[in-house]
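Asks: Next up is a structure, given as structure tokens.
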Amino acid sequence: MAQRDATSRESAVAISGQSGLLRWLGFVPWAVLALAIFIQWTDPGGILNGLQNQVFDYYQRQYPRPYVDTSVRYVDIDEESMKRIGQWPWPRTTMARLTTTLRDAGAAVIAYDVVFPEQDRTSPELIAANLPAGATWDATRTQLQALPSNDAAFAQALKTSPSVLGFILTDRDTGRAPILKKDLALIGDPESKPINAVLPFAGATVSLDILQQAARGTGSFNTAPDRDGIVRRVPLFVSHKGKVFPGLALEALRVAMSDPQGNTPPFLIKMAGGGGEAAFGNPNRMISVRVGDIEIPSTEDGQMWVHYTGDVPQRRIPAWKILNGTANLSELQGAAIFVGTSAAGLLDLRSTPVRLDAPGVEVHIQALEQMLLRKFLGRPDWGPGLELAFALLLGLLVLIAIARVPVLWIAAVAVAGVVAAASTSVWAFNQRDWLLDPIGPSLSVALVFAAAALVKFIRTDTERQMVRSAFAQYLPPDVVNEIANDPSKLKLGGATRDLTIMFCDIRGFTPIAESFREDPQGLTRLINRVLTPLSQEVLNHRGTIDKYIGDCVMAFWNAPLDDPDHPTHGCDCALGMMDAMDALNRELKAEGFFKTHKVKPIEVSIGLNTGTCVVGNMGSELRFDYSALGDAVNVSARIQSFAGNYGFDMVVGEDTEKIVGEKFAFLELDYIAVKGRATPTHIYALMGHAHVRETKKFVQLQEALQTLFAAFRSKNWAAAREAIDEGRKIAGEHQDIFDTYEERITHYELEPPPAEWDGAWVATSK
């Protein structure tokens, strides 16, 4: 009896302890609700803000702003313009001509999304200052010094145009400052100070004073991306050394609204406490800015949300078309013109919610379009409060109801609440241009529900395994690896399809490697430096890099993604590679590389061919790669290795030439049976795009080669030698092809070909 009493007491103590624990557990969901609301309000670490931004980015991608033509355009300093006009920066006389052309076309404003911080190096006075000393150059120096400055010419063009110069603020003081063209007017609490609201910067990169003074406006083109590098907002104002400056789009709007006398409206800034806006203890919150009759809502730190459209080619006018007069200037009457760049080499590309490589100028263009449309995306002041209230009310509903109804019913309520938050957010974005966060309320409700459900199960079921089973029904599923979901992606084998295959190899690599005999790491860096631009050209032209074989790149087109124009893209890529190598050699020459290593400029030879191949995962069960196999691959590799025999950099197979012969300039080089292949094939040199066919040298060289081939294939060796002599007179650097045919003629004179010979040369080496 005593023993039984002791056991009862121990059980009572245990039960009492469990009851006390369960009673305390009852407060956990309430604590979770309080914690969730606190986290939603304060967002420590910015995690919720990051998730929120991802949701808003998704909305922008799914529902981009419909494009409405507001006559906002940008003159694009693109790659083609730099090829045609010259390397950037262009002479200021060119910029003056561009400005006056746009002015004369009737542009309402011309805003430059570029900075001109230094004197034009091509200006006559600078050229004169750099001439050698001595009487020989005195007359030239005097003539140059008498010529007007290029910067002065550009300044005059800016002065006579509705121009806006851009500047960029930085964190390092440069000793320079932008010029404020228009003072700010303020509505709000007398204690309100816009400078305390906007983003501050210590330094500035600005254009020359002569240019700033000439322009009617100056504006910052800072974009202030978020921590993930995405540009979602553009500053309406920024501050520098005690002054507040407008953003580029806002300044362009002001200048565009000039009256016939050149007067422009002021910036009227509304701060908290003004116009019926409550300060809530912080008067330094910006509410909006008015320019003329346009009021632009602002974030509290003076920024504007950008609602992006998709890509709109109509906005863009290549700069070279403006300068050579081929653009339709009548479309620019009354237009707002931005001058910017999409060239990757000028590093003015930005990541936006809808595009990872958008030209930076498009951010300002899209901001100005919204101003003109008076249609703004924004996060309402009452938005965070509404989101908190929704999360609090739904959380209270879950906590009150969970003790009275089954958990599944409460789960349905929680799910319905999440669906309501998401659907309301989508509706607000599409119908009202409001950014309402579905993430914070959804996470708060989910956490409260999870906590309440956990406590309920602990209370109602003491069997740990059953509790675990019950939890398994409510915990979110694991993230499933994509490849694990579809193991067939890893199987061996491939598909048959037409490909264009390229092999690109460095010529004369042995002497280069020998020059790095004592520095193998340096050779590695050089190879990487060569292969990087070559690889980038493949990617730029929609190609697939198959593999690197030492100093050789193998690539192909039309797999894994379909590319109907794969032969064209392959040829364009080859031409782009040559341009890339020219640029690299200029860099290496400037660095003194060739003198140091006593080697010639780096050259590459390219073989291109088109044909049917098998493409897919090739190898063994232990290791495999995505690659291509087929006769066309072998032919491409062989003709690349033969390129040096002819003295041409780019050699193309006949199957490629047949498809794109009208788009490019090709010279026939040979009719040859490559090693290991019985069937001969015609091969061609790729000389450039179609316009090259009209050049005098191309025509002469083509006629000389055709004469040579006719004599050679008819076994008229004497006439063939005469054709070689004539060809050498016009071939210039392309002498190797005549050396090759001269050797063949000598060979056939000693060992004549058979009577049925079709003119093909049978290669005995790779």
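Ligands are numbered from 1 in the order shown, residues from 1 within each chain, and chains are lettered A, B, ... in the order they appear in the structure tokens.
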Could you find all residues in range 261-466 of chain A that DSSP calls strand (DSSP E) from the backbone, and write them as JSON, numbers by chain?

Replies: {"A": [267, 268, 269, 270, 271, 286, 287, 288, 289, 290, 291, 294, 295, 296, 297, 303, 304, 305, 316, 317, 318, 336, 337, 338, 339, 340, 349, 350, 351, 352, 355, 356, 357, 358, 359]}

Asks: In range 572-618 of chain A, what's alpha helix (DSSP H) per DSSP? Answer as a list in words?

Replies: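 Across range 572-618 of chain A, those assigned alpha helix (DSSP H) are Asp572, Cys573, Ala574, Leu575, Gly576, Met577, Met578, Asp579, Ala580, Met581, Asp582, Ala583, Leu584, Asn585, Arg586, Glu587, Leu588, Lys589, Ala590, Phe593, Phe594, Lys595, Thr596 and His597 of chain A.
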
Asks: Asn263 in chain A: which residues within 12 Å, counting only C-alpha atoms, same-chain residues fewer than 5 positions away excluded, as a ChimeraX atom specification?

Replies: /A:162,181-182,216-217,254-258,292

Asks: Keeping only N, CA and C atoms, write the selected residues as a short mmCIF file (atom, residue, chain, number, x, y, z; two decimals), in the first residue's frame.

Replies:
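As a result, selection_4.cif now contains:
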```cif
data_model
loop_
_atom_site.label_atom_id
_atom_site.label_comp_id
_atom_site.auth_asym_id
_atom_site.auth_seq_id
_atom_site.Cartn_x
_atom_site.Cartn_y
_atom_site.Cartn_z
N PRO A 162 18.12 72.61 -75.69
CA PRO A 162 17.50 72.27 -74.40
C PRO A 162 18.22 71.08 -73.78
N LYS A 181 21.08 74.00 -61.18
CA LYS A 181 20.49 74.92 -62.14
C LYS A 181 19.17 75.52 -61.66
N LYS A 182 18.51 74.88 -60.71
CA LYS A 182 17.20 75.37 -60.27
C LYS A 182 17.05 75.11 -58.79
N ARG A 216 21.48 73.69 -69.92
CA ARG A 216 20.34 74.26 -69.22
C ARG A 216 20.01 73.50 -67.94
N GLY A 217 20.46 72.27 -67.87
CA GLY A 217 20.16 71.48 -66.69
C GLY A 217 21.27 70.49 -66.39
N ARG A 254 11.94 68.86 -66.25
CA ARG A 254 11.89 70.31 -66.03
C ARG A 254 12.30 71.08 -67.28
N VAL A 255 13.40 70.69 -67.90
CA VAL A 255 13.88 71.40 -69.09
C VAL A 255 12.92 71.21 -70.25
N ALA A 256 12.33 70.03 -70.35
CA ALA A 256 11.37 69.77 -71.44
C ALA A 256 10.14 70.65 -71.32
N MET A 257 9.85 71.13 -70.10
CA MET A 257 8.67 71.95 -69.88
C MET A 257 8.98 73.45 -70.00
N SER A 258 10.11 73.78 -70.62
CA SER A 258 10.49 75.18 -70.79
C SER A 258 9.47 75.91 -71.66
N GLY A 292 5.70 71.70 -62.72
CA GLY A 292 4.58 72.15 -63.52
C GLY A 292 3.29 71.55 -62.98
#
```

Asks: Enter the distance from CA of Gln40 in chain A to CA of Pro200 in chain A, in Å, rounded to one decimal.

Replies: 27.4 Å

Asks: Identify, on the basis of only C-alpha atoms, every residue whose closest approach to Cys552 in chain A does not exceed 7 Å; exclude the query and any residue fewer than 5 positions from it along the same chain; express the result as a list in words.

Replies: Phe503, Cys504, Asp505 and Ile506 of chain A

Asks: From the options A:Asp173, A:Glu191, A:Asp259, A:Glu295, which residue's atoms come nearest to Leu373 in chain A, counting only C-alpha atoms?

Replies: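 Of the candidates, the smallest distance to Leu373 in chain A is held by A:Glu295.
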
Asks: Give me, as a list in words, all polymer residues having an atom no more than 12 Å from Leu588 in chain A, counting only C-alpha atoms and skipping those fewer than 5 positions away in the same chain.

Replies: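 Once the nearby chain positions are removed, what remains is Leu526, Arg529, Val530, Met581, Asp582, Ala583, Phe593, Phe594, Lys595, Thr596, His597, Val599, Lys600, Pro601 and Ile602 of chain A.
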
Asks: List as a PyMOL selection string the protein and nucleic acid residues near Gly661 in chain A, meaning an atom at most 10 Å away when only C-alpha atoms are counted, but skip any in the same chain fewer than 4 places from it.

Replies: chain A and resi 568+654-657+665-666+686+689-690

Asks: Show which residues sit within 9 Å of Arg316 in chain A, as a tab-separated table (two decimals) with N, CA and C atoms, in the first residue's frame. Count only C-alpha atoms, and ignore same-chain residues fewer than 2 positions away.

Replies:
```
chain	number	residue	atom	x	y	z
A	73	ARG	N	12.90	58.94	-76.27
A	73	ARG	CA	13.80	58.10	-77.06
A	73	ARG	C	15.21	58.18	-76.46
A	74	TYR	N	16.03	57.22	-76.88
A	74	TYR	CA	17.44	57.39	-76.52
A	74	TYR	C	18.33	57.10	-77.72
A	75	VAL	N	19.32	57.96	-77.85
A	75	VAL	CA	20.33	57.81	-78.89
A	75	VAL	C	21.39	56.88	-78.31
A	76	ASP	N	21.54	55.73	-78.95
A	76	ASP	CA	22.34	54.65	-78.38
A	76	ASP	C	23.76	54.66	-78.94
A	312	VAL	N	11.62	47.49	-75.70
A	312	VAL	CA	10.89	48.23	-76.74
A	312	VAL	C	11.93	48.82	-77.70
A	313	PRO	N	12.21	48.13	-78.82
A	313	PRO	CA	13.21	48.65	-79.77
A	313	PRO	C	12.87	50.04	-80.31
A	314	GLN	N	11.59	50.42	-80.30
A	314	GLN	CA	11.16	51.71	-80.81
A	314	GLN	C	11.83	52.87	-80.07
A	318	PRO	N	20.19	54.21	-82.99
A	318	PRO	CA	21.65	54.13	-82.97
A	318	PRO	C	22.27	55.49	-83.28
```

Asks: Out of A:Glu743, A:Asp113, A:Asp546, A:Asp572, which residue has the shortest atom-to-atom distance to Ala559 in chain A when counting only C-alpha atoms?

Replies: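 For Ala559 in chain A, the nearest of the given residues is A:Asp546.
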
Asks: Interatomic distance between CA of Pro680 in chain A and CA of Ile639 in chain A?

Replies: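 CA of Ile639 in chain A lies 11.8 Å from CA of Pro680 in chain A.
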
Asks: Counting only C-alpha atoms, figure out which residue out of A:Gly644, A:Gly417, A:Gly310, A:Pro359 gets nearest to Phe338 in chain A.

Replies: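 The shortest atom-to-atom distance to Phe338 in chain A comes from A:Pro359.
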
Asks: Pick out the closest residue to Arg350 in chain A from this set: A:Glu726, A:Asp226, A:Glu300, A:Asp649. Count only C-alpha atoms.

Replies: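 Nearest candidate to Arg350 in chain A out of A:Glu726, A:Asp226, A:Glu300, A:Asp649: A:Asp226.
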
Asks: Give the answer as one residue: which of A:His682, A:Arg227, A:Arg65, A:Lys243 has the shortest atom-to-atom distance to Phe376 in chain A, using only C-alpha atoms?

Replies: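 Once distances to Phe376 in chain A are computed over only C-alpha atoms, the minimum belongs to A:Arg65.
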